[in-house]
$ cat entry-v5.pdb   # PDB, C-alpha atoms
ATOM      1  CA  MET A   1      -4.033 -10.588  -6.011  1.00  0.00           C
ATOM      2  CA  VAL A   2      -1.524 -12.993  -7.413  1.00  0.00           C
ATOM      3  CA  ASN A   3       1.403 -13.318  -5.084  1.00  0.00           C
ATOM      4  CA  ARG A   4       4.279 -12.862  -7.458  1.00  0.00           C
ATOM      5  CA  GLN A   5       7.877 -12.620  -6.422  1.00  0.00           C
ATOM      6  CA  PRO A   6       9.837  -9.897  -8.192  1.00  0.00           C
ATOM      7  CA  VAL A   7      12.702 -12.385  -8.553  1.00  0.00           C
ATOM      8  CA  GLY A   8      10.631 -15.458  -9.354  1.00  0.00           C
ATOM      9  CA  ALA A   9      10.718 -17.409 -12.568  1.00  0.00           C
ATOM     10  CA  HIS A  10       7.698 -16.097 -14.432  1.00  0.00           C
ATOM     11  CA  TYR A  11       9.447 -15.057 -17.613  1.00  0.00           C
ATOM     12  CA  GLY A  12      10.504 -18.358 -19.030  1.00  0.00           C
ATOM     13  CA  LEU A  13      10.255 -18.798 -22.768  1.00  0.00           C
ATOM     14  CA  LYS A  14      12.097 -15.715 -23.999  1.00  0.00           C
ATOM     15  CA  ASP A  15      15.071 -16.421 -21.750  1.00  0.00           C
ATOM     16  CA  TRP A  16      14.997 -20.104 -22.589  1.00  0.00           C
ATOM     17  CA  ILE A  17      15.257 -19.263 -26.305  1.00  0.00           C
ATOM     18  CA  ALA A  18      17.860 -16.551 -25.697  1.00  0.00           C
ATOM     19  CA  GLN A  19      20.025 -18.921 -23.678  1.00  0.00           C
ATOM     20  CA  ARG A  20      20.034 -21.386 -26.560  1.00  0.00           C
ATOM     21  CA  ALA A  21      20.423 -18.829 -29.352  1.00  0.00           C
ATOM     22  CA  THR A  22      23.419 -17.245 -27.607  1.00  0.00           C
ATOM     23  CA  ALA A  23      24.852 -20.730 -26.997  1.00  0.00           C
ATOM     24  CA  VAL A  24      24.656 -21.602 -30.692  1.00  0.00           C
ATOM     25  CA  TYR A  25      26.309 -18.321 -31.699  1.00  0.00           C
ATOM     26  CA  MET A  26      29.080 -18.769 -29.131  1.00  0.00           C
ATOM     27  CA  ALA A  27      29.699 -22.349 -30.275  1.00  0.00           C
ATOM     28  CA  LEU A  28      30.054 -21.213 -33.909  1.00  0.00           C
ATOM     29  CA  PHE A  29      32.300 -18.298 -32.930  1.00  0.00           C
ATOM     30  CA  THR A  30      34.430 -20.598 -30.763  1.00  0.00           C
ATOM     31  CA  VAL A  31      35.167 -22.798 -33.786  1.00  0.00           C
ATOM     32  CA  LEU A  32      35.958 -19.751 -35.956  1.00  0.00           C
ATOM     33  CA  PHE A  33      38.182 -18.302 -33.222  1.00  0.00           C
ATOM     34  CA  ALA A  34      40.022 -21.596 -32.714  1.00  0.00           C
ATOM     35  CA  VAL A  35      40.705 -21.890 -36.453  1.00  0.00           C
ATOM     36  CA  CYS A  36      41.935 -18.271 -36.658  1.00  0.00           C
ATOM     37  CA  VAL A  37      44.241 -18.626 -33.638  1.00  0.00           C
ATOM     38  CA  LEU A  38      45.594 -22.025 -34.682  1.00  0.00           C
ATOM     39  CA  THR A  39      46.446 -20.716 -38.172  1.00  0.00           C
ATOM     40  CA  LEU A  40      48.391 -17.724 -36.817  1.00  0.00           C
ATOM     41  CA  PRO A  41      51.996 -17.999 -38.028  1.00  0.00           C
ATOM     42  CA  GLU A  42      53.226 -17.302 -34.479  1.00  0.00           C
ATOM     43  CA  PHE A  43      51.685 -16.061 -31.240  1.00  0.00           C
ATOM     44  CA  SER A  44      53.136 -12.556 -31.046  1.00  0.00           C
ATOM     45  CA  TYR A  45      51.615  -9.151 -30.333  1.00  0.00           C
ATOM     46  CA  ALA A  46      51.666  -8.270 -34.042  1.00  0.00           C
ATOM     47  CA  SER A  47      49.849 -11.353 -35.289  1.00  0.00           C
ATOM     48  CA  TRP A  48      47.459 -11.586 -32.302  1.00  0.00           C
ATOM     49  CA  SER A  49      46.369  -7.942 -32.417  1.00  0.00           C
ATOM     50  CA  GLY A  50      46.389  -8.154 -36.223  1.00  0.00           C
ATOM     51  CA  LEU A  51      43.554 -10.644 -35.944  1.00  0.00           C
ATOM     52  CA  PHE A  52      41.462  -7.974 -34.221  1.00  0.00           C
ATOM     53  CA  LYS A  53      42.333  -5.265 -36.758  1.00  0.00           C
ATOM     54  CA  SER A  54      39.620  -6.571 -39.044  1.00  0.00           C
ATOM     55  CA  GLY A  55      36.313  -4.801 -38.478  1.00  0.00           C
ATOM     56  CA  VAL A  56      34.355  -7.973 -39.148  1.00  0.00           C
ATOM     57  CA  PHE A  57      36.331  -9.912 -36.545  1.00  0.00           C
ATOM     58  CA  ARG A  58      35.800  -7.132 -33.993  1.00  0.00           C
ATOM     59  CA  PHE A  59      32.097  -7.097 -34.721  1.00  0.00           C
ATOM     60  CA  LEU A  60      31.848 -10.895 -34.393  1.00  0.00           C
ATOM     61  CA  SER A  61      33.956 -10.832 -31.191  1.00  0.00           C
ATOM     62  CA  PHE A  62      31.763  -8.164 -29.648  1.00  0.00           C
ATOM     63  CA  LEU A  63      28.676 -10.179 -30.566  1.00  0.00           C
ATOM     64  CA  PHE A  64      30.334 -13.140 -28.828  1.00  0.00           C
ATOM     65  CA  PHE A  65      30.828 -11.074 -25.682  1.00  0.00           C
ATOM     66  CA  LEU A  66      27.243  -9.806 -25.687  1.00  0.00           C
ATOM     67  CA  SER A  67      26.030 -13.392 -26.179  1.00  0.00           C
ATOM     68  CA  LEU A  68      28.307 -14.544 -23.384  1.00  0.00           C
ATOM     69  CA  PHE A  69      27.063 -11.908 -20.932  1.00  0.00           C
ATOM     70  CA  TYR A  70      23.391 -12.479 -21.754  1.00  0.00           C
ATOM     71  CA  HIS A  71      23.921 -16.259 -21.513  1.00  0.00           C
ATOM     72  CA  ALA A  72      25.782 -15.826 -18.207  1.00  0.00           C
ATOM     73  CA  TRP A  73      22.996 -13.610 -16.869  1.00  0.00           C
ATOM     74  CA  ILE A  74      20.387 -16.327 -17.468  1.00  0.00           C
ATOM     75  CA  GLY A  75      22.608 -19.106 -16.132  1.00  0.00           C
ATOM     76  CA  VAL A  76      23.786 -17.293 -13.013  1.00  0.00           C
ATOM     77  CA  ARG A  77      20.255 -16.027 -12.328  1.00  0.00           C
ATOM     78  CA  ASP A  78      19.062 -19.644 -12.460  1.00  0.00           C
ATOM     79  CA  ILE A  79      21.725 -20.617  -9.925  1.00  0.00           C
ATOM     80  CA  TRP A  80      20.585 -17.856  -7.533  1.00  0.00           C
ATOM     81  CA  MET A  81      16.960 -18.893  -8.033  1.00  0.00           C
ATOM     82  CA  ASP A  82      17.773 -22.521  -7.228  1.00  0.00           C
ATOM     83  CA  TYR A  83      19.843 -21.992  -4.104  1.00  0.00           C
ATOM     84  CA  VAL A  84      19.031 -18.575  -2.626  1.00  0.00           C
ATOM     85  CA  LYS A  85      15.542 -18.450  -1.138  1.00  0.00           C
ATOM     86  CA  PRO A  86      15.202 -15.115   0.747  1.00  0.00           C
ATOM     87  CA  THR A  87      13.770 -12.598  -1.740  1.00  0.00           C
ATOM     88  CA  GLY A  88      15.903  -9.674  -0.584  1.00  0.00           C
ATOM     89  CA  VAL A  89      19.201 -11.540  -0.780  1.00  0.00           C
ATOM     90  CA  ARG A  90      18.258 -13.000  -4.133  1.00  0.00           C
ATOM     91  CA  LEU A  91      17.313  -9.600  -5.523  1.00  0.00           C
ATOM     92  CA  ALA A  92      20.616  -8.179  -4.339  1.00  0.00           C
ATOM     93  CA  LEU A  93      22.551 -11.006  -6.010  1.00  0.00           C
ATOM     94  CA  HIS A  94      20.563 -10.545  -9.231  1.00  0.00           C
ATOM     95  CA  LEU A  95      21.393  -6.842  -9.284  1.00  0.00           C
ATOM     96  CA  VAL A  96      25.091  -7.407  -8.563  1.00  0.00           C
ATOM     97  CA  THR A  97      25.241  -9.996 -11.365  1.00  0.00           C
ATOM     98  CA  LEU A  98      23.432  -7.694 -13.773  1.00  0.00           C
ATOM     99  CA  PHE A  99      25.610  -4.664 -12.988  1.00  0.00           C
ATOM    100  CA  LEU A 100      28.784  -6.719 -13.327  1.00  0.00           C
ATOM    101  CA  LEU A 101      27.753  -8.122 -16.707  1.00  0.00           C
ATOM    102  CA  VAL A 102      26.705  -4.722 -18.091  1.00  0.00           C
ATOM    103  CA  GLY A 103      30.046  -3.342 -16.908  1.00  0.00           C
ATOM    104  CA  TYR A 104      31.884  -6.224 -18.579  1.00  0.00           C
ATOM    105  CA  ALA A 105      30.093  -5.416 -21.853  1.00  0.00           C
ATOM    106  CA  GLY A 106      31.436  -1.854 -21.688  1.00  0.00           C
ATOM    107  CA  TRP A 107      34.888  -3.170 -20.842  1.00  0.00           C
ATOM    108  CA  ALA A 108      34.807  -5.602 -23.777  1.00  0.00           C
ATOM    109  CA  ALA A 109      33.812  -2.803 -26.173  1.00  0.00           C
ATOM    110  CA  GLN A 110      36.683  -0.675 -24.887  1.00  0.00           C
ATOM    111  CA  ILE A 111      39.183  -3.539 -25.310  1.00  0.00           C
ATOM    112  CA  LEU A 112      38.059  -4.198 -28.883  1.00  0.00           C
ATOM    113  CA  TRP A 113      37.765  -0.647 -30.229  1.00  0.00           C
ATOM    114  CA  ARG A 114      40.614   1.070 -28.442  1.00  0.00           C
ATOM    115  CA  LEU A 115      43.219  -0.328 -30.829  1.00  0.00           C
TER     116      LEU A 115
ATOM    117  CA  MET B   1      -1.390 -49.153  12.453  1.00  0.00           C
ATOM    118  CA  SER B   2      -0.957 -49.079   8.708  1.00  0.00           C
ATOM    119  CA  GLU B   3      -2.932 -45.822   8.500  1.00  0.00           C
ATOM    120  CA  MET B   4      -0.553 -44.245  10.960  1.00  0.00           C
ATOM    121  CA  THR B   5       2.416 -45.362   8.910  1.00  0.00           C
ATOM    122  CA  VAL B   6       0.956 -43.746   5.808  1.00  0.00           C
ATOM    123  CA  ARG B   7       0.039 -40.488   7.545  1.00  0.00           C
ATOM    124  CA  LYS B   8       3.391 -40.122   9.207  1.00  0.00           C
ATOM    125  CA  GLN B   9       5.197 -37.107   7.808  1.00  0.00           C
ATOM    126  CA  ARG B  10       8.697 -38.147   6.958  1.00  0.00           C
ATOM    127  CA  PRO B  11      11.302 -35.543   6.137  1.00  0.00           C
ATOM    128  CA  LYS B  12      12.392 -35.675   2.537  1.00  0.00           C
ATOM    129  CA  HIS B  13      16.074 -36.304   2.816  1.00  0.00           C
ATOM    130  CA  LEU B  14      18.159 -36.873  -0.251  1.00  0.00           C
ATOM    131  CA  ALA B  15      21.685 -37.660   0.833  1.00  0.00           C
ATOM    132  CA  LEU B  16      23.282 -36.564  -2.433  1.00  0.00           C
ATOM    133  CA  ASN B  17      26.710 -37.654  -1.284  1.00  0.00           C
ATOM    134  CA  GLN B  18      25.453 -41.185  -0.606  1.00  0.00           C
ATOM    135  CA  ILE B  19      23.427 -41.696  -3.769  1.00  0.00           C
ATOM    136  CA  ARG B  20      25.501 -42.982  -6.651  1.00  0.00           C
ATOM    137  CA  GLN B  21      24.907 -40.325  -9.299  1.00  0.00           C
ATOM    138  CA  PRO B  22      24.289 -41.539 -12.843  1.00  0.00           C
ATOM    139  CA  LEU B  23      26.606 -40.146 -15.527  1.00  0.00           C
ATOM    140  CA  PRO B  24      24.024 -37.720 -16.986  1.00  0.00           C
ATOM    141  CA  ALA B  25      23.600 -36.217 -13.490  1.00  0.00           C
ATOM    142  CA  ILE B  26      27.360 -35.754 -13.193  1.00  0.00           C
ATOM    143  CA  VAL B  27      27.526 -34.069 -16.610  1.00  0.00           C
ATOM    144  CA  SER B  28      24.625 -31.837 -15.603  1.00  0.00           C
ATOM    145  CA  ILE B  29      26.097 -30.646 -12.309  1.00  0.00           C
ATOM    146  CA  LEU B  30      29.516 -30.169 -13.929  1.00  0.00           C
ATOM    147  CA  HIS B  31      27.800 -28.004 -16.561  1.00  0.00           C
ATOM    148  CA  ARG B  32      26.545 -25.778 -13.748  1.00  0.00           C
ATOM    149  CA  ILE B  33      29.829 -25.779 -11.827  1.00  0.00           C
ATOM    150  CA  SER B  34      31.898 -25.022 -14.937  1.00  0.00           C
ATOM    151  CA  GLY B  35      29.514 -22.198 -15.876  1.00  0.00           C
ATOM    152  CA  ALA B  36      29.704 -20.691 -12.397  1.00  0.00           C
ATOM    153  CA  GLY B  37      33.504 -20.971 -12.401  1.00  0.00           C
ATOM    154  CA  LEU B  38      33.774 -19.262 -15.787  1.00  0.00           C
ATOM    155  CA  PHE B  39      31.457 -16.486 -14.611  1.00  0.00           C
ATOM    156  CA  LEU B  40      33.548 -15.907 -11.486  1.00  0.00           C
ATOM    157  CA  MET B  41      36.766 -15.727 -13.505  1.00  0.00           C
ATOM    158  CA  LEU B  42      35.363 -13.345 -16.177  1.00  0.00           C
ATOM    159  CA  PRO B  43      37.114 -10.253 -14.767  1.00  0.00           C
ATOM    160  CA  PHE B  44      40.468 -12.044 -14.827  1.00  0.00           C
ATOM    161  CA  LEU B  45      39.927 -13.290 -18.387  1.00  0.00           C
ATOM    162  CA  LEU B  46      38.860  -9.826 -19.591  1.00  0.00           C
ATOM    163  CA  PHE B  47      41.909  -8.378 -17.852  1.00  0.00           C
ATOM    164  CA  LEU B  48      44.146 -10.857 -19.728  1.00  0.00           C
ATOM    165  CA  LEU B  49      42.488 -10.004 -23.051  1.00  0.00           C
ATOM    166  CA  ASP B  50      42.918  -6.314 -22.259  1.00  0.00           C
ATOM    167  CA  ARG B  51      46.647  -6.723 -21.544  1.00  0.00           C
ATOM    168  CA  SER B  52      47.193  -8.956 -24.579  1.00  0.00           C
ATOM    169  CA  LEU B  53      45.678  -6.399 -26.969  1.00  0.00           C
ATOM    170  CA  GLY B  54      46.667  -3.138 -25.270  1.00  0.00           C
ATOM    171  CA  SER B  55      50.163  -2.474 -26.670  1.00  0.00           C
ATOM    172  CA  PRO B  56      53.420  -4.356 -27.294  1.00  0.00           C
ATOM    173  CA  ASP B  57      54.427  -3.460 -23.716  1.00  0.00           C
ATOM    174  CA  SER B  58      51.221  -4.736 -22.141  1.00  0.00           C
ATOM    175  CA  PHE B  59      51.556  -7.881 -24.270  1.00  0.00           C
ATOM    176  CA  VAL B  60      54.846  -8.542 -22.470  1.00  0.00           C
ATOM    177  CA  THR B  61      53.018  -8.171 -19.130  1.00  0.00           C
ATOM    178  CA  PHE B  62      50.325 -10.531 -20.420  1.00  0.00           C
ATOM    179  CA  ALA B  63      52.920 -13.113 -21.495  1.00  0.00           C
ATOM    180  CA  ALA B  64      54.619 -12.892 -18.083  1.00  0.00           C
ATOM    181  CA  ILE B  65      51.336 -13.423 -16.200  1.00  0.00           C
ATOM    182  CA  VAL B  66      50.247 -16.291 -18.444  1.00  0.00           C
ATOM    183  CA  GLY B  67      53.717 -17.814 -18.182  1.00  0.00           C
ATOM    184  CA  HIS B  68      53.437 -18.321 -14.428  1.00  0.00           C
ATOM    185  CA  PRO B  69      52.890 -22.041 -13.678  1.00  0.00           C
ATOM    186  CA  LEU B  70      50.011 -21.405 -11.254  1.00  0.00           C
ATOM    187  CA  VAL B  71      48.239 -19.159 -13.764  1.00  0.00           C
ATOM    188  CA  LYS B  72      48.787 -21.801 -16.439  1.00  0.00           C
ATOM    189  CA  LEU B  73      47.209 -24.361 -14.156  1.00  0.00           C
ATOM    190  CA  LEU B  74      44.239 -22.066 -13.523  1.00  0.00           C
ATOM    191  CA  LEU B  75      43.850 -21.374 -17.250  1.00  0.00           C
ATOM    192  CA  ILE B  76      43.925 -25.078 -18.065  1.00  0.00           C
ATOM    193  CA  GLY B  77      41.222 -25.571 -15.438  1.00  0.00           C
ATOM    194  CA  LEU B  78      39.185 -22.833 -17.111  1.00  0.00           C
ATOM    195  CA  LEU B  79      39.899 -24.375 -20.517  1.00  0.00           C
ATOM    196  CA  TRP B  80      38.396 -27.616 -19.240  1.00  0.00           C
ATOM    197  CA  ALA B  81      35.425 -25.681 -17.817  1.00  0.00           C
ATOM    198  CA  TYR B  82      34.856 -24.008 -21.201  1.00  0.00           C
ATOM    199  CA  LEU B  83      35.199 -27.256 -23.159  1.00  0.00           C
ATOM    200  CA  HIS B  84      32.972 -29.197 -20.785  1.00  0.00           C
ATOM    201  CA  HIS B  85      30.359 -26.440 -20.877  1.00  0.00           C
ATOM    202  CA  PHE B  86      30.672 -26.437 -24.687  1.00  0.00           C
ATOM    203  CA  CYS B  87      30.298 -30.225 -25.123  1.00  0.00           C
ATOM    204  CA  ALA B  88      27.602 -30.640 -22.485  1.00  0.00           C
ATOM    205  CA  GLY B  89      25.790 -27.650 -23.982  1.00  0.00           C
ATOM    206  CA  ILE B  90      25.684 -29.294 -27.418  1.00  0.00           C
ATOM    207  CA  ARG B  91      24.331 -32.429 -25.727  1.00  0.00           C
ATOM    208  CA  PHE B  92      21.593 -30.397 -24.009  1.00  0.00           C
ATOM    209  CA  LEU B  93      20.690 -28.695 -27.287  1.00  0.00           C
ATOM    210  CA  LEU B  94      20.299 -32.110 -28.926  1.00  0.00           C
ATOM    211  CA  LEU B  95      18.177 -33.283 -25.979  1.00  0.00           C
ATOM    212  CA  ASP B  96      15.991 -30.179 -26.492  1.00  0.00           C
ATOM    213  CA  LEU B  97      15.474 -31.417 -30.059  1.00  0.00           C
ATOM    214  CA  HIS B  98      14.469 -34.818 -28.620  1.00  0.00           C
ATOM    215  CA  LYS B  99      17.621 -36.467 -29.885  1.00  0.00           C
ATOM    216  CA  GLY B 100      19.266 -39.049 -27.642  1.00  0.00           C
ATOM    217  CA  GLY B 101      16.730 -38.905 -24.826  1.00  0.00           C
ATOM    218  CA  GLU B 102      16.477 -42.681 -24.345  1.00  0.00           C
ATOM    219  CA  LEU B 103      18.234 -44.068 -21.286  1.00  0.00           C
ATOM    220  CA  GLN B 104      21.103 -45.825 -23.026  1.00  0.00           C
ATOM    221  CA  ALA B 105      21.669 -43.038 -25.559  1.00  0.00           C
ATOM    222  CA  ALA B 106      21.695 -40.451 -22.772  1.00  0.00           C
ATOM    223  CA  ARG B 107      24.225 -42.482 -20.812  1.00  0.00           C
ATOM    224  CA  ASN B 108      26.442 -42.912 -23.859  1.00  0.00           C
ATOM    225  CA  SER B 109      26.319 -39.234 -24.817  1.00  0.00           C
ATOM    226  CA  SER B 110      27.163 -38.144 -21.273  1.00  0.00           C
ATOM    227  CA  ARG B 111      30.182 -40.448 -21.328  1.00  0.00           C
ATOM    228  CA  ILE B 112      31.208 -38.958 -24.682  1.00  0.00           C
ATOM    229  CA  VAL B 113      30.897 -35.425 -23.250  1.00  0.00           C
ATOM    230  CA  LEU B 114      33.146 -36.271 -20.286  1.00  0.00           C
ATOM    231  CA  VAL B 115      35.762 -38.054 -22.406  1.00  0.00           C
ATOM    232  CA  VAL B 116      35.857 -35.554 -25.290  1.00  0.00           C
ATOM    233  CA  SER B 117      36.095 -32.485 -23.058  1.00  0.00           C
ATOM    234  CA  ILE B 118      38.944 -33.984 -21.029  1.00  0.00           C
ATOM    235  CA  ALA B 119      40.726 -35.224 -24.169  1.00  0.00           C
ATOM    236  CA  LEU B 120      40.470 -31.793 -25.839  1.00  0.00           C
ATOM    237  CA  THR B 121      41.708 -30.140 -22.628  1.00  0.00           C
ATOM    238  CA  VAL B 122      44.748 -32.405 -22.604  1.00  0.00           C
ATOM    239  CA  VAL B 123      45.499 -31.856 -26.312  1.00  0.00           C
ATOM    240  CA  ILE B 124      45.095 -28.061 -26.223  1.00  0.00           C
ATOM    241  CA  GLY B 125      46.651 -27.810 -22.750  1.00  0.00           C
ATOM    242  CA  VAL B 126      49.795 -29.645 -23.856  1.00  0.00           C
ATOM    243  CA  LYS B 127      50.018 -27.437 -26.956  1.00  0.00           C
ATOM    244  CA  LEU B 128      49.676 -24.231 -24.896  1.00  0.00           C
ATOM    245  CA  TRP B 129      52.004 -25.304 -22.070  1.00  0.00           C
TER     246      TRP B 129
END
$ encode --input "entry-v5.pdb" --output "structure tokens"
Amino acid sequence: MVNRQPVGAHYGLKDWIAQRATAVYMALFTVLFAVCVLTLPEFSYASWSGLFKSGVFRFLSFLFFLSLFYHAWIGVRDIWMDYVKPTGVRLALHLVTLFLLVGYAGWAAQILWRL
Amino acid sequence: MSEMTVRKQRPKHLALNQIRQPLPAIVSILHRISGAGLFLMLPFLLFLLDRSLGSPDSFVTFAAIVGHPLVKLLLIGLLWAYLHHFCAGIRFLLLDLHKGGELQAARNSSRIVLVVSIALTVVIGVKLW
């Protein structure tokens, strides 16, 4: 029997690609976001929330958040894998990270579509 | 005698605080530290976004929180973390594409990452403050 750890690094390529794909999307969105915010006439509630009134901008923002949380999952998981050796502790940290990020995704959706 | 010297098991001991880290190593560890810091502050940042978009009233709350000097300082720290992670990330993507992997090019690009991310932090930080 192969002695595999449930929290070991045996699922590399997909995550490696995902980490980079999400990074590229976030980089592009960051530039778009910076341009949109810098061209606001003034930073007030009306103009700031007006930016998020557009369905396209909400969609792109939500995609940014999903990319961010997936990207953060891979990155934080790698940190746990590098520094936390006991399997049980590592598994617990993985689960906490995962639950937090899934919760954040729900929170982000609520922030964007509640308006 | 010499055989004994070879067989002797020496502990592997890398005194990271005593080794002078090359610039690419510094950029790399800062990429990790900035990522971890951003992850830890996610709930606070989502909370700020929530307040800023909630209603005109909650926007006032948001502006008051963000206006506090200590919060401003924290946000500028996070701005640097984001910008460093951004710049270093682009450098890593280029390295993945086998661009700039030679020693001198890698040193130069890591210097550029450090300088550009700090410069952008100062420019945007001054504008926001």
$ resolve_selection --input "entry-v5.pdb" --expression "the ChimeraX specification (/B :<10) & /A" --output "number ranges by chain"
A: 20, 23-24, 26-27, 30, 44-46, 48-50, 52, 68-69, 71-73, 75-76, 78-79, 97, 100-101, 104, 107-108, 110-112, 114-115
$ write_last_selection --input "entry-v5.pdb" --atoms "C-alpha atoms" --output "PDB file, keeping the file's coordinate frame"
ATOM      1  CA  ARG A  20      20.034 -21.386 -26.560  1.00  0.00           C
ATOM      2  CA  ALA A  23      24.852 -20.730 -26.997  1.00  0.00           C
ATOM      3  CA  VAL A  24      24.656 -21.602 -30.692  1.00  0.00           C
ATOM      4  CA  MET A  26      29.080 -18.769 -29.131  1.00  0.00           C
ATOM      5  CA  ALA A  27      29.699 -22.349 -30.275  1.00  0.00           C
ATOM      6  CA  THR A  30      34.430 -20.598 -30.763  1.00  0.00           C
ATOM      7  CA  SER A  44      53.136 -12.556 -31.046  1.00  0.00           C
ATOM      8  CA  TYR A  45      51.615  -9.151 -30.333  1.00  0.00           C
ATOM      9  CA  ALA A  46      51.666  -8.270 -34.042  1.00  0.00           C
ATOM     10  CA  TRP A  48      47.459 -11.586 -32.302  1.00  0.00           C
ATOM     11  CA  SER A  49      46.369  -7.942 -32.417  1.00  0.00           C
ATOM     12  CA  GLY A  50      46.389  -8.154 -36.223  1.00  0.00           C
ATOM     13  CA  PHE A  52      41.462  -7.974 -34.221  1.00  0.00           C
ATOM     14  CA  LEU A  68      28.307 -14.544 -23.384  1.00  0.00           C
ATOM     15  CA  PHE A  69      27.063 -11.908 -20.932  1.00  0.00           C
ATOM     16  CA  HIS A  71      23.921 -16.259 -21.513  1.00  0.00           C
ATOM     17  CA  ALA A  72      25.782 -15.826 -18.207  1.00  0.00           C
ATOM     18  CA  TRP A  73      22.996 -13.610 -16.869  1.00  0.00           C
ATOM     19  CA  GLY A  75      22.608 -19.106 -16.132  1.00  0.00           C
ATOM     20  CA  VAL A  76      23.786 -17.293 -13.013  1.00  0.00           C
ATOM     21  CA  ASP A  78      19.062 -19.644 -12.460  1.00  0.00           C
ATOM     22  CA  ILE A  79      21.725 -20.617  -9.925  1.00  0.00           C
ATOM     23  CA  THR A  97      25.241  -9.996 -11.365  1.00  0.00           C
ATOM     24  CA  LEU A 100      28.784  -6.719 -13.327  1.00  0.00           C
ATOM     25  CA  LEU A 101      27.753  -8.122 -16.707  1.00  0.00           C
ATOM     26  CA  TYR A 104      31.884  -6.224 -18.579  1.00  0.00           C
ATOM     27  CA  TRP A 107      34.888  -3.170 -20.842  1.00  0.00           C
ATOM     28  CA  ALA A 108      34.807  -5.602 -23.777  1.00  0.00           C
ATOM     29  CA  GLN A 110      36.683  -0.675 -24.887  1.00  0.00           C
ATOM     30  CA  ILE A 111      39.183  -3.539 -25.310  1.00  0.00           C
ATOM     31  CA  LEU A 112      38.059  -4.198 -28.883  1.00  0.00           C
ATOM     32  CA  ARG A 114      40.614   1.070 -28.442  1.00  0.00           C
ATOM     33  CA  LEU A 115      43.219  -0.328 -30.829  1.00  0.00           C
TER      34      LEU A 115
END
$ atom_distance --input "entry-v5.pdb" --atom1 "atom CA of A:Leu28" --atom2 "atom CA of A:Gly103"
24.7 Å
$ atom_distance --input "entry-v5.pdb" --atom1 "atom CA of A:Gly88" --atom2 "atom CA of A:Gln5"
10.4 Å
$ resolve_selection --input "entry-v5.pdb" --expression "the PyMOL selection byres ((chain B and resi 28) around 12)" --output "list in words"
Gln21, Pro22, Leu23, Pro24, Ala25, Ile26, Val27, Ile29, Leu30, His31, Arg32, Ile33, Ser34, Gly35, His84, His85, Cys87, Ala88, Gly89, Arg91, Phe92, Ala106, Arg107, Ser109, Ser110, Arg111, Val113 and Leu114 of chain B
$ write_last_selection --input "entry-v5.pdb" --atoms "C-alpha atoms" --output "compact mmCIF listing (two decimals), in the coordinates of the input"
# COMPACT_ATOMS: atom_id res chain seq x y z
CA GLN B 21 24.91 -40.33 -9.30
CA PRO B 22 24.29 -41.54 -12.84
CA LEU B 23 26.61 -40.15 -15.53
CA PRO B 24 24.02 -37.72 -16.99
CA ALA B 25 23.60 -36.22 -13.49
CA ILE B 26 27.36 -35.75 -13.19
CA VAL B 27 27.53 -34.07 -16.61
CA ILE B 29 26.10 -30.65 -12.31
CA LEU B 30 29.52 -30.17 -13.93
CA HIS B 31 27.80 -28.00 -16.56
CA ARG B 32 26.54 -25.78 -13.75
CA ILE B 33 29.83 -25.78 -11.83
CA SER B 34 31.90 -25.02 -14.94
CA GLY B 35 29.51 -22.20 -15.88
CA HIS B 84 32.97 -29.20 -20.78
CA HIS B 85 30.36 -26.44 -20.88
CA CYS B 87 30.30 -30.22 -25.12
CA ALA B 88 27.60 -30.64 -22.48
CA GLY B 89 25.79 -27.65 -23.98
CA ARG B 91 24.33 -32.43 -25.73
CA PHE B 92 21.59 -30.40 -24.01
CA ALA B 106 21.70 -40.45 -22.77
CA ARG B 107 24.22 -42.48 -20.81
CA SER B 109 26.32 -39.23 -24.82
CA SER B 110 27.16 -38.14 -21.27
CA ARG B 111 30.18 -40.45 -21.33
CA VAL B 113 30.90 -35.42 -23.25
CA LEU B 114 33.15 -36.27 -20.29
$ resolve_selection --input "entry-v5.pdb" --expression "the PyMOL selection byres ((chain A and resi 90) around 12)" --output "list in words"
Gln5, Pro6, Val7, Gly8, Val76, Arg77, Asp78, Ile79, Trp80, Met81, Asp82, Tyr83, Val84, Lys85, Pro86, Thr87, Gly88, Val89, Leu91, Ala92, Leu93, His94, Leu95, Val96 and Thr97 of chain A
$ atom_distance --input "entry-v5.pdb" --atom1 "atom CA of A:Ser47" --atom2 "atom CA of A:Phe33"
13.7 Å
$ closest_residue --input "entry-v5.pdb" --among "B:Ile112, B:Leu128, B:Leu120, B:Leu94" --to "B:Leu73" --atoms "all atoms listed in the file"
B:Leu128
$ residues_around --input "entry-v5.pdb" --residues "A:Leu51" --least-positions-apart "6" --cutoff "10 Å" --atoms "only C-alpha atoms" --output "PDB file with C-alpha atoms, in the coordinates of the input"
ATOM      1  CA  PHE A  33      38.182 -18.302 -33.222  1.00  0.00           C
ATOM      2  CA  CYS A  36      41.935 -18.271 -36.658  1.00  0.00           C
ATOM      3  CA  VAL A  37      44.241 -18.626 -33.638  1.00  0.00           C
ATOM      4  CA  LEU A  40      48.391 -17.724 -36.817  1.00  0.00           C
ATOM      5  CA  TYR A  45      51.615  -9.151 -30.333  1.00  0.00           C
ATOM      6  CA  PHE A  57      36.331  -9.912 -36.545  1.00  0.00           C
ATOM      7  CA  ARG A  58      35.800  -7.132 -33.993  1.00  0.00           C
TER       8      ARG A  58
END
$ closest_residue --input "entry-v5.pdb" --among "B:Leu75, B:Ile124, B:Val116, B:Ala105" --to "B:Gly37" --atoms "all atoms listed in the file"
B:Leu75
$ residues_around --input "entry-v5.pdb" --residues "A:Gly55" --least-positions-apart "5" --cutoff "10 Å" --atoms "only C-alpha atoms" --output "list of chain:residue names"
A:Leu60, A:Ser61, A:Leu112, A:Trp113
